[in-house]
$ cat entry-v4.tsv   # TSV, C-alpha atoms and all ligand atoms
chain	number	residue	atom	x	y	z
A	1	MET	CA	33.74	-43.10	48.70
A	2	ALA	CA	36.09	-43.57	45.73
A	3	ASP	CA	36.29	-40.76	43.12
A	4	LEU	CA	34.20	-41.95	40.18
A	5	GLY	CA	35.96	-39.50	37.84
A	6	ILE	CA	38.71	-42.14	37.73
A	7	PRO	CA	37.76	-44.76	35.08
A	8	GLN	CA	38.82	-47.84	37.15
A	9	ASN	CA	36.46	-46.80	39.97
A	10	THR	CA	33.53	-46.38	37.59
A	11	ILE	CA	34.24	-49.78	36.02
A	12	ALA	CA	34.43	-51.39	39.48
A	13	VAL	CA	30.99	-49.97	40.43
A	14	LEU	CA	29.44	-51.06	37.11
A	15	GLN	CA	30.82	-54.59	37.55
A	16	LYS	CA	29.78	-54.87	41.20
A	17	TYR	CA	26.15	-54.12	40.26
A	18	ASN	CA	26.32	-55.94	36.90
A	19	PHE	CA	24.95	-52.73	35.34
A	20	HIS	CA	23.83	-52.79	31.71
A	21	PHE	CA	23.83	-49.49	29.80
A	22	GLN	CA	20.48	-48.54	28.33
A	23	LYS	CA	20.83	-46.83	24.97
A	24	LYS	CA	17.22	-45.60	25.13
A	25	PHE	CA	18.15	-43.46	28.17
A	26	GLY	CA	21.17	-41.84	26.48
A	27	GLN	CA	23.59	-43.30	29.02
A	28	ASN	CA	27.18	-42.16	28.49
A	29	PHE	CA	28.91	-41.74	31.83
A	30	LEU	CA	31.71	-39.21	32.33
A	31	ILE	CA	35.10	-40.66	33.25
A	32	ASP	CA	37.39	-37.65	33.03
A	33	GLU	CA	38.30	-35.62	36.10
A	34	ARG	CA	39.42	-32.57	34.11
A	35	VAL	CA	36.08	-32.34	32.32
A	36	LEU	CA	34.25	-32.72	35.64
A	37	ASP	CA	36.36	-29.94	37.17
A	38	ARG	CA	35.65	-27.73	34.14
A	39	ILE	CA	31.88	-28.19	34.45
A	40	ILE	CA	31.99	-27.44	38.17
A	41	SER	CA	34.14	-24.32	37.73
A	42	ALA	CA	31.95	-23.04	34.85
A	43	SER	CA	28.83	-23.41	36.97
A	44	GLU	CA	30.46	-21.38	39.80
A	45	ILE	CA	28.76	-23.43	42.50
A	46	THR	CA	29.01	-22.24	46.10
A	47	LYS	CA	27.50	-23.38	49.41
A	48	GLU	CA	24.72	-20.83	48.77
A	49	ASP	CA	23.51	-22.78	45.75
A	50	CYS	CA	20.66	-25.20	45.40
A	51	VAL	CA	21.48	-27.43	42.42
A	52	LEU	CA	19.30	-29.64	40.24
A	53	GLU	CA	21.17	-32.40	38.44
A	54	ILE	CA	19.32	-34.13	35.60
A	55	GLY	CA	20.35	-37.78	35.14
A	56	PRO	CA	23.04	-38.47	37.76
A	57	GLY	CA	23.96	-41.90	36.30
A	58	ILE	CA	26.10	-43.60	38.97
A	59	GLY	CA	26.62	-40.28	40.77
A	60	THR	CA	30.00	-39.19	39.38
A	61	MET	CA	29.22	-35.50	38.89
A	62	THR	CA	26.81	-35.59	41.83
A	63	GLN	CA	29.79	-36.22	44.14
A	64	TYR	CA	31.61	-33.19	42.73
A	65	LEU	CA	28.47	-31.04	43.07
A	66	ALA	CA	27.77	-32.24	46.63
A	67	GLU	CA	31.27	-31.20	47.73
A	68	ARG	CA	30.62	-27.58	46.74
A	69	ALA	CA	26.88	-26.88	46.74
A	70	GLY	CA	24.44	-26.21	49.58
A	71	THR	CA	22.04	-28.90	48.37
A	72	VAL	CA	21.82	-31.14	45.31
A	73	THR	CA	18.66	-32.82	44.00
A	74	ALA	CA	19.30	-35.45	41.34
A	75	VAL	CA	16.48	-36.85	39.19
A	76	GLU	CA	17.22	-40.21	37.54
A	77	ILE	CA	14.84	-42.21	35.32
A	78	ASP	CA	16.63	-45.59	35.41
A	79	ARG	CA	15.47	-47.59	38.43
A	80	ALA	CA	18.56	-49.84	38.20
A	81	LEU	CA	20.75	-46.85	39.12
A	82	ILE	CA	18.94	-46.01	42.36
A	83	PRO	CA	20.65	-48.64	44.60
A	84	ILE	CA	24.01	-47.70	43.04
A	85	LEU	CA	23.42	-44.01	43.85
A	86	GLU	CA	22.49	-44.94	47.43
A	87	GLU	CA	25.97	-46.40	47.79
A	88	THR	CA	28.04	-43.87	45.82
A	89	LEU	CA	26.39	-40.89	47.53
A	90	CYS	CA	26.09	-42.31	51.05
A	91	ASP	CA	28.71	-39.87	52.40
A	92	TYR	CA	26.70	-36.78	51.38
A	93	SER	CA	23.84	-35.63	53.58
A	94	ASN	CA	23.07	-32.68	51.26
A	95	VAL	CA	22.01	-34.88	48.30
A	96	THR	CA	18.48	-36.08	47.51
A	97	VAL	CA	18.02	-38.65	44.74
A	98	ILE	CA	14.59	-38.85	43.11
A	99	HIS	CA	13.56	-41.67	40.80
A	100	GLY	CA	11.57	-40.09	37.97
A	101	ASP	CA	11.34	-38.69	34.47
A	102	ILE	CA	12.57	-35.08	34.35
A	103	LEU	CA	10.09	-34.26	31.58
A	104	LYS	CA	7.19	-35.13	33.91
A	105	PHE	CA	8.75	-33.70	37.05
A	106	ASP	CA	7.43	-30.48	38.62
A	107	ILE	CA	10.66	-28.47	38.86
A	108	ASN	CA	8.87	-25.32	40.03
A	109	GLN	CA	7.58	-27.21	43.05
A	110	LEU	CA	11.09	-28.47	43.77
A	111	VAL	CA	12.43	-24.89	43.66
A	112	GLN	CA	9.71	-23.89	46.11
A	113	GLU	CA	10.41	-26.75	48.51
A	114	LYS	CA	14.21	-26.74	48.37
A	115	ASN	CA	14.99	-23.04	47.90
A	116	GLY	CA	11.89	-21.09	48.96
A	117	GLY	CA	11.25	-20.17	45.28
A	118	ARG	CA	14.67	-18.49	44.85
A	119	PRO	CA	16.62	-19.24	41.64
A	120	ILE	CA	18.50	-22.54	41.42
A	121	LYS	CA	21.34	-23.77	39.20
A	122	VAL	CA	20.89	-26.67	36.80
A	123	VAL	CA	23.98	-28.75	36.05
A	124	ALA	CA	23.91	-31.93	33.95
A	125	ASN	CA	25.52	-34.23	31.48
A	126	LEU	CA	22.26	-34.42	29.55
A	127	PRO	CA	20.71	-37.45	27.89
A	128	TYR	CA	21.08	-36.25	24.28
A	129	TYR	CA	17.78	-37.68	23.01
A	130	ILE	CA	15.82	-35.10	25.04
A	131	THR	CA	18.18	-32.09	25.20
A	132	THR	CA	15.79	-29.66	23.49
A	133	PRO	CA	12.61	-30.52	25.47
A	134	ILE	CA	14.58	-30.32	28.74
A	135	ILE	CA	16.09	-26.89	27.99
A	136	MET	CA	12.89	-25.47	26.49
A	137	GLY	CA	10.84	-26.87	29.38
A	138	LEU	CA	13.04	-25.04	31.91
A	139	PHE	CA	12.59	-21.74	30.05
A	140	GLU	CA	8.94	-22.02	29.05
A	141	LYS	CA	7.79	-23.13	32.50
A	142	GLN	CA	9.56	-20.05	33.90
A	143	VAL	CA	11.61	-22.09	36.38
A	144	PRO	CA	13.54	-19.59	38.59
A	145	LEU	CA	17.08	-20.12	37.32
A	146	LYS	CA	20.50	-18.58	37.90
A	147	SER	CA	22.16	-20.63	35.20
A	148	ILE	CA	22.13	-23.89	33.26
A	149	THR	CA	25.49	-25.60	32.71
A	150	VAL	CA	25.10	-28.70	30.57
A	151	MET	CA	26.93	-31.19	28.40
A	152	VAL	CA	25.22	-31.45	25.01
A	153	GLN	CA	26.06	-32.74	21.54
A	154	ARG	CA	28.61	-30.40	19.96
A	155	GLU	CA	26.28	-29.76	17.04
A	156	VAL	CA	23.49	-28.70	19.42
A	157	ALA	CA	25.88	-26.31	21.20
A	158	GLN	CA	26.67	-24.73	17.81
A	159	ARG	CA	22.94	-24.40	17.04
A	160	MET	CA	22.36	-22.64	20.37
A	161	GLN	CA	24.95	-19.98	19.51
A	162	ALA	CA	24.25	-19.68	15.75
A	163	GLN	CA	23.55	-16.33	14.09
A	164	PRO	CA	21.18	-15.56	11.15
A	165	GLY	CA	22.25	-16.75	7.73
A	166	THR	CA	24.35	-19.68	8.98
A	167	LYS	CA	23.47	-23.35	8.43
A	168	ASP	CA	23.12	-24.03	12.17
A	169	TYR	CA	20.66	-21.17	12.74
A	170	GLY	CA	17.13	-22.26	13.57
A	171	ALA	CA	14.27	-22.36	16.07
A	172	LEU	CA	16.56	-23.60	18.89
A	173	SER	CA	19.04	-20.72	18.34
A	174	LEU	CA	16.25	-18.15	18.54
A	175	ALA	CA	14.61	-19.70	21.61
A	176	VAL	CA	17.86	-20.04	23.56
A	177	GLN	CA	19.00	-16.52	22.65
A	178	TYR	CA	15.61	-15.06	23.63
A	179	TYR	CA	15.92	-16.50	27.13
A	180	ALA	CA	19.66	-16.59	27.77
A	181	LYS	CA	23.22	-15.78	26.85
A	182	ALA	CA	24.80	-19.01	25.55
A	183	GLU	CA	28.51	-19.69	25.88
A	184	VAL	CA	30.48	-22.85	25.01
A	185	VAL	CA	32.94	-23.42	27.85
A	186	ALA	CA	34.56	-26.70	26.74
A	187	ASN	CA	34.70	-29.13	23.86
A	188	VAL	CA	34.69	-32.74	25.01
A	189	PRO	CA	35.83	-35.71	22.87
A	190	PRO	CA	34.06	-39.14	22.93
A	191	ASN	CA	36.88	-40.82	24.92
A	192	CYS	CA	35.85	-38.92	28.07
A	193	PHE	CA	32.74	-41.16	28.37
A	194	ILE	CA	31.91	-44.78	28.90
A	195	PRO	CA	30.52	-46.05	26.56
A	196	ARG	CA	31.89	-43.62	23.95
A	197	PRO	CA	29.18	-41.62	22.15
A	198	SER	CA	29.34	-41.52	18.35
A	199	VAL	CA	29.37	-37.70	18.37
A	200	GLY	CA	31.52	-34.95	19.89
A	201	SER	CA	30.17	-33.09	22.93
A	202	ALA	CA	30.43	-29.61	24.41
A	203	VAL	CA	29.70	-27.97	27.74
A	204	VAL	CA	27.42	-24.94	27.37
A	205	ARG	CA	26.59	-22.37	29.98
A	206	LEU	CA	23.30	-20.52	29.64
A	207	LEU	CA	22.94	-17.37	31.75
A	208	ARG	CA	19.31	-16.32	31.89
A	209	HIS	CA	18.53	-12.75	30.72
A	210	GLU	CA	16.85	-10.66	33.40
A	211	THR	CA	14.64	-9.21	30.67
A	212	PRO	CA	14.37	-10.64	27.14
A	213	PRO	CA	16.47	-8.79	24.52
A	214	VAL	CA	13.35	-8.10	22.38
A	215	GLN	CA	9.76	-7.15	23.15
A	216	THR	CA	6.90	-9.16	21.74
A	217	LYS	CA	3.16	-8.90	22.33
A	218	ASP	CA	2.70	-12.67	22.55
A	219	GLU	CA	5.72	-14.87	23.33
A	220	ALA	CA	3.98	-18.20	22.62
A	221	ARG	CA	2.74	-16.99	19.24
A	222	MET	CA	6.21	-15.67	18.32
A	223	PHE	CA	7.66	-19.14	18.91
A	224	ALA	CA	4.84	-20.76	16.89
A	225	LEU	CA	5.75	-18.34	14.08
A	226	ILE	CA	9.45	-19.18	14.40
A	227	ARG	CA	8.79	-22.94	14.36
A	228	ALA	CA	6.60	-22.61	11.25
A	229	SER	CA	9.28	-20.49	9.54
A	230	PHE	CA	11.88	-23.24	9.97
A	231	ASN	CA	9.60	-26.24	9.30
A	232	GLN	CA	10.53	-26.05	5.66
A	233	ARG	CA	13.83	-24.19	5.66
A	234	ARG	CA	14.10	-23.73	1.93
A	235	LYS	CA	10.69	-22.12	1.52
A	236	THR	CA	10.16	-18.37	1.56
A	237	LEU	CA	8.52	-16.89	4.65
A	238	VAL	CA	5.46	-15.93	2.59
A	239	ASN	CA	4.95	-19.59	1.67
A	240	SER	CA	5.92	-21.26	4.95
A	241	LEU	CA	3.79	-18.95	7.12
A	242	GLY	CA	0.96	-18.60	4.62
A	243	ASN	CA	0.66	-22.40	4.45
A	244	ALA	CA	0.88	-23.02	8.22
A	245	GLY	CA	-2.84	-23.59	8.91
A	246	GLU	CA	-2.50	-23.37	12.72
A	247	LEU	CA	-1.29	-19.73	12.50
A	248	HIS	CA	-4.33	-18.48	10.52
A	249	ILE	CA	-2.25	-16.00	8.51
A	250	SER	CA	-2.70	-15.37	4.78
A	251	LYS	CA	0.19	-15.04	2.33
A	252	GLU	CA	-0.99	-11.48	1.63
A	253	GLN	CA	-0.64	-10.55	5.31
A	254	VAL	CA	2.93	-11.90	5.44
A	255	PHE	CA	3.73	-10.09	2.20
A	256	GLU	CA	2.41	-6.82	3.60
A	257	ALA	CA	4.21	-7.16	6.95
A	258	LEU	CA	7.53	-7.87	5.19
A	259	ALA	CA	7.01	-4.79	3.01
A	260	GLN	CA	6.41	-2.66	6.12
A	261	MET	CA	9.68	-3.97	7.55
A	262	GLY	CA	11.51	-3.15	4.31
A	263	LEU	CA	12.28	-6.86	3.68
A	264	SER	CA	12.23	-8.75	0.38
A	265	PRO	CA	9.05	-10.78	-0.34
A	266	THR	CA	11.28	-13.78	-1.14
A	267	ILE	CA	13.18	-13.72	2.15
A	268	ARG	CA	13.52	-16.98	4.13
A	269	GLY	CA	13.23	-17.47	7.90
A	270	GLU	CA	16.94	-18.31	8.18
A	271	SER	CA	17.80	-14.66	7.35
A	272	LEU	CA	15.68	-13.03	10.09
A	273	SER	CA	17.15	-11.97	13.42
A	274	LEU	CA	15.33	-12.41	16.73
A	275	GLU	CA	14.46	-8.72	16.65
A	276	GLN	CA	12.93	-9.05	13.19
A	277	PHE	CA	10.88	-12.09	14.24
A	278	ALA	CA	9.55	-10.12	17.21
A	279	ARG	CA	8.58	-7.19	14.94
A	280	LEU	CA	7.01	-9.51	12.36
A	281	ASN	CA	4.99	-11.19	15.12
A	282	ASN	CA	3.78	-7.83	16.41
A	283	LEU	CA	2.78	-6.71	12.88
A	284	LEU	CA	0.94	-9.96	12.12
B	1	LIG	N1	25.52	-37.68	35.03
B	1	LIG	C1	26.05	-38.96	34.64
B	1	LIG	C2	27.48	-38.79	34.19
B	1	LIG	O1	27.84	-37.67	33.81
B	1	LIG	O2	28.22	-39.76	34.19
B	1	LIG	C3	25.19	-39.65	33.57
B	1	LIG	C4	24.93	-38.84	32.31
B	1	LIG	S1	24.12	-39.75	31.03
B	1	LIG	C5	24.61	-38.85	29.60
B	1	LIG	C6	22.42	-39.26	31.15
B	1	LIG	C7	21.67	-39.75	32.36
B	1	LIG	O3	20.31	-39.28	32.30
B	1	LIG	C8	21.57	-41.26	32.51
B	1	LIG	O4	21.84	-41.63	33.82
B	1	LIG	C9	20.11	-41.58	32.15
B	1	LIG	O5	19.62	-42.76	32.75
B	1	LIG	C10	19.42	-40.32	32.65
B	1	LIG	N2	18.12	-40.02	32.00
B	1	LIG	C11	17.74	-40.29	30.72
B	1	LIG	N3	16.51	-39.85	30.48
B	1	LIG	C12	16.07	-39.26	31.63
B	1	LIG	C13	14.85	-38.62	32.02
B	1	LIG	N4	13.84	-38.48	31.15
B	1	LIG	N5	14.75	-38.15	33.28
B	1	LIG	C14	15.78	-38.29	34.17
B	1	LIG	N6	16.95	-38.89	33.86
B	1	LIG	C15	17.10	-39.37	32.61
$ encode --input "entry-v4.tsv" --output "structure tokens" --more "lines below"
Ligand code: SAM
Amino acid sequence: MADLGIPQNTIAVLQKYNFHFQKKFGQNFLIDERVLDRIISASEITKEDCVLEIGPGIGTMTQYLAERAGTVTAVEIDRALIPILEETLCDYSNVTVIHGDILKFDINQLVQEKNGGRPIKVVANLPYYITTPIIMGLFEKQVPLKSITVMVQREVAQRMQAQPGTKDYGALSLAVQYYAKAEVVANVPPNCFIPRPSVGSAVVRLLRHETPPVQTKDEARMFALIRASFNQRRKTLVNSLGNAGELHISKEQVFEALAQMGLSPTIRGESLSLEQFARLNNLL
């Protein structure tokens, strides 16, 4: 089967099937061999690996993954792509294509069936409209993972790596850093895709921590606290947490906890490190 990393081959497949891109599914297909090679090398795939690909499109990266991995399972939401994938992946007996929505898909069951519950690798050129729910879903559902290597919007990659006090720092930075070590492995310009996205992209590798870098009594509550702290960025923590009805915390309690931590009563969420959020959660 022709290498789909070469633009002419992708165009030929799209024309043969009279394929129409669906904006609502975030469809921007990769057409750059160097970027594909970079993703594959960053994910360090070997024949020992069981790989989950989210959104295979016409199967471009799937072909690269199938060459190197033990098995590849690719979940694609767009029914129109299924017959195309049957053709482009017909040479690979180690690939399974599943028609479905990744946000409704039971990935833990897949890990059980395909890899006996042992950790898998996730590799994807993600649909940008659901990057955060996909990544958070993988972490929060405790999917056994070795690593996640994904193409995301450049701005999202910056948010994942951001440190306290910077404009990109927020709930996503804290969640990603709680679960994993995030590293940008490549910046990718719009001309590497068809159609071209309006934003720059980046490949990020997330290596899951064996144990979280901070201890908290209640993980779910810590993330509720973090979300409430960043809901209104410009408000002080005393106001944003004291006004978040679902947390059932009074302003006085926040005030007191901050005092115990030696922090200013006018401090904002954007200044607190992950460690400080964990301590604040434990105190509250
Ligand atoms: N992997 C291909 C490539 O690199 O050329 C396509 C990447 S494209 C950015 C994202 C893909 O995810 C599309 O094929 C799209 O149809 C698919 N997709 C979008 N939403 C999805 C969902 N909820 N579940 C599974 N696939 C989805």
$ residues_around --input "entry-v4.tsv" --residues "A:Ile82" --least-positions-apart "3" --cutoff "12 Å" --atoms "only C-alpha atoms" --output "ChimeraX atom specification"
/A:17,19,55-59,74-79,85-90,96-100
$ closest_atom_pairs --input "entry-v4.tsv" --of "chain A" --to "ligand LIG 1 (chain B)" --cutoff "8 Å" --atoms "only C-alpha atoms and all ligand atoms" --output "CSV"
residue,atom,partner,partner_atom,distance
A:Gln22,CA,B:LIG1,O5,7.3
A:Lys24,CA,B:LIG1,C11,7.7
A:Phe25,CA,B:LIG1,C11,4.1
A:Gly26,CA,B:LIG1,C6,5.5
A:Gln27,CA,B:LIG1,S1,4.1
A:Asn28,CA,B:LIG1,C5,4.3
A:Phe29,CA,B:LIG1,O2,3.2
A:Leu30,CA,B:LIG1,O2,4.0
A:Ile31,CA,B:LIG1,O2,7.0
A:Glu53,CA,B:LIG1,N1,7.6
A:Ile54,CA,B:LIG1,N6,5.6
A:Gly55,CA,B:LIG1,O3,3.2
A:Pro56,CA,B:LIG1,N1,3.8
A:Gly57,CA,B:LIG1,O4,3.3
A:Ile58,CA,B:LIG1,C1,6.3
A:Gly59,CA,B:LIG1,C1,6.3
A:Thr60,CA,B:LIG1,O2,5.5
A:Met61,CA,B:LIG1,O1,5.7
A:Thr62,CA,B:LIG1,N1,7.2
A:Val75,CA,B:LIG1,C14,5.3
A:Glu76,CA,B:LIG1,N6,3.9
A:Ile77,CA,B:LIG1,C14,4.2
A:Asp78,CA,B:LIG1,O5,4.9
A:Leu81,CA,B:LIG1,O4,7.5
A:His99,CA,B:LIG1,C14,7.8
A:Gly100,CA,B:LIG1,C14,6.0
A:Asp101,CA,B:LIG1,N5,3.7
A:Ile102,CA,B:LIG1,N5,3.9
A:Leu103,CA,B:LIG1,N4,5.7
A:Lys104,CA,B:LIG1,N4,7.9
A:Ala124,CA,B:LIG1,N1,6.1
A:Asn125,CA,B:LIG1,C4,4.7
A:Leu126,CA,B:LIG1,C5,5.0
A:Pro127,CA,B:LIG1,C6,4.1
A:Tyr128,CA,B:LIG1,C5,6.9
A:Tyr129,CA,B:LIG1,N3,7.9
A:Ile130,CA,B:LIG1,N3,7.3
A:Phe193,CA,B:LIG1,O2,7.5
$ closest_residue --input "entry-v4.tsv" --among "A:Asn282, A:Ser229, A:Asn239, A:Ser43" --to "A:Leu206" --atoms "all atoms listed in the file"
A:Ser43
$ residues_around --input "entry-v4.tsv" --residues "A:Ala157" --least-positions-apart "4" --cutoff "10 Å" --atoms "only C-alpha atoms" --output "CSV table (one decimal) with C-alpha atoms, in the coordinates of the input"
chain,number,residue,atom,x,y,z
A,150,VAL,CA,25.1,-28.7,30.6
A,151,MET,CA,26.9,-31.2,28.4
A,152,VAL,CA,25.2,-31.4,25.0
A,153,GLN,CA,26.1,-32.7,21.5
A,161,GLN,CA,25.0,-20.0,19.5
A,162,ALA,CA,24.2,-19.7,15.8
A,168,ASP,CA,23.1,-24.0,12.2
A,172,LEU,CA,16.6,-23.6,18.9
A,173,SER,CA,19.0,-20.7,18.3
A,182,ALA,CA,24.8,-19.0,25.6
A,183,GLU,CA,28.5,-19.7,25.9
A,184,VAL,CA,30.5,-22.8,25.0
A,187,ASN,CA,34.7,-29.1,23.9
A,201,SER,CA,30.2,-33.1,22.9
A,202,ALA,CA,30.4,-29.6,24.4
A,203,VAL,CA,29.7,-28.0,27.7
A,204,VAL,CA,27.4,-24.9,27.4
A,205,ARG,CA,26.6,-22.4,30.0
$ closest_residue --input "entry-v4.tsv" --among "A:Gln177, A:Ser264, A:Ser147, A:Ser271" --to "A:Pro213" --atoms "all atoms listed in the file"
A:Gln177
$ residues_around --input "entry-v4.tsv" --residues "A:Ala66" --least-positions-apart "5" --cutoff "8 Å" --atoms "only C-alpha atoms" --output "ChimeraX atom specification"
/A:71-72,92,94-95
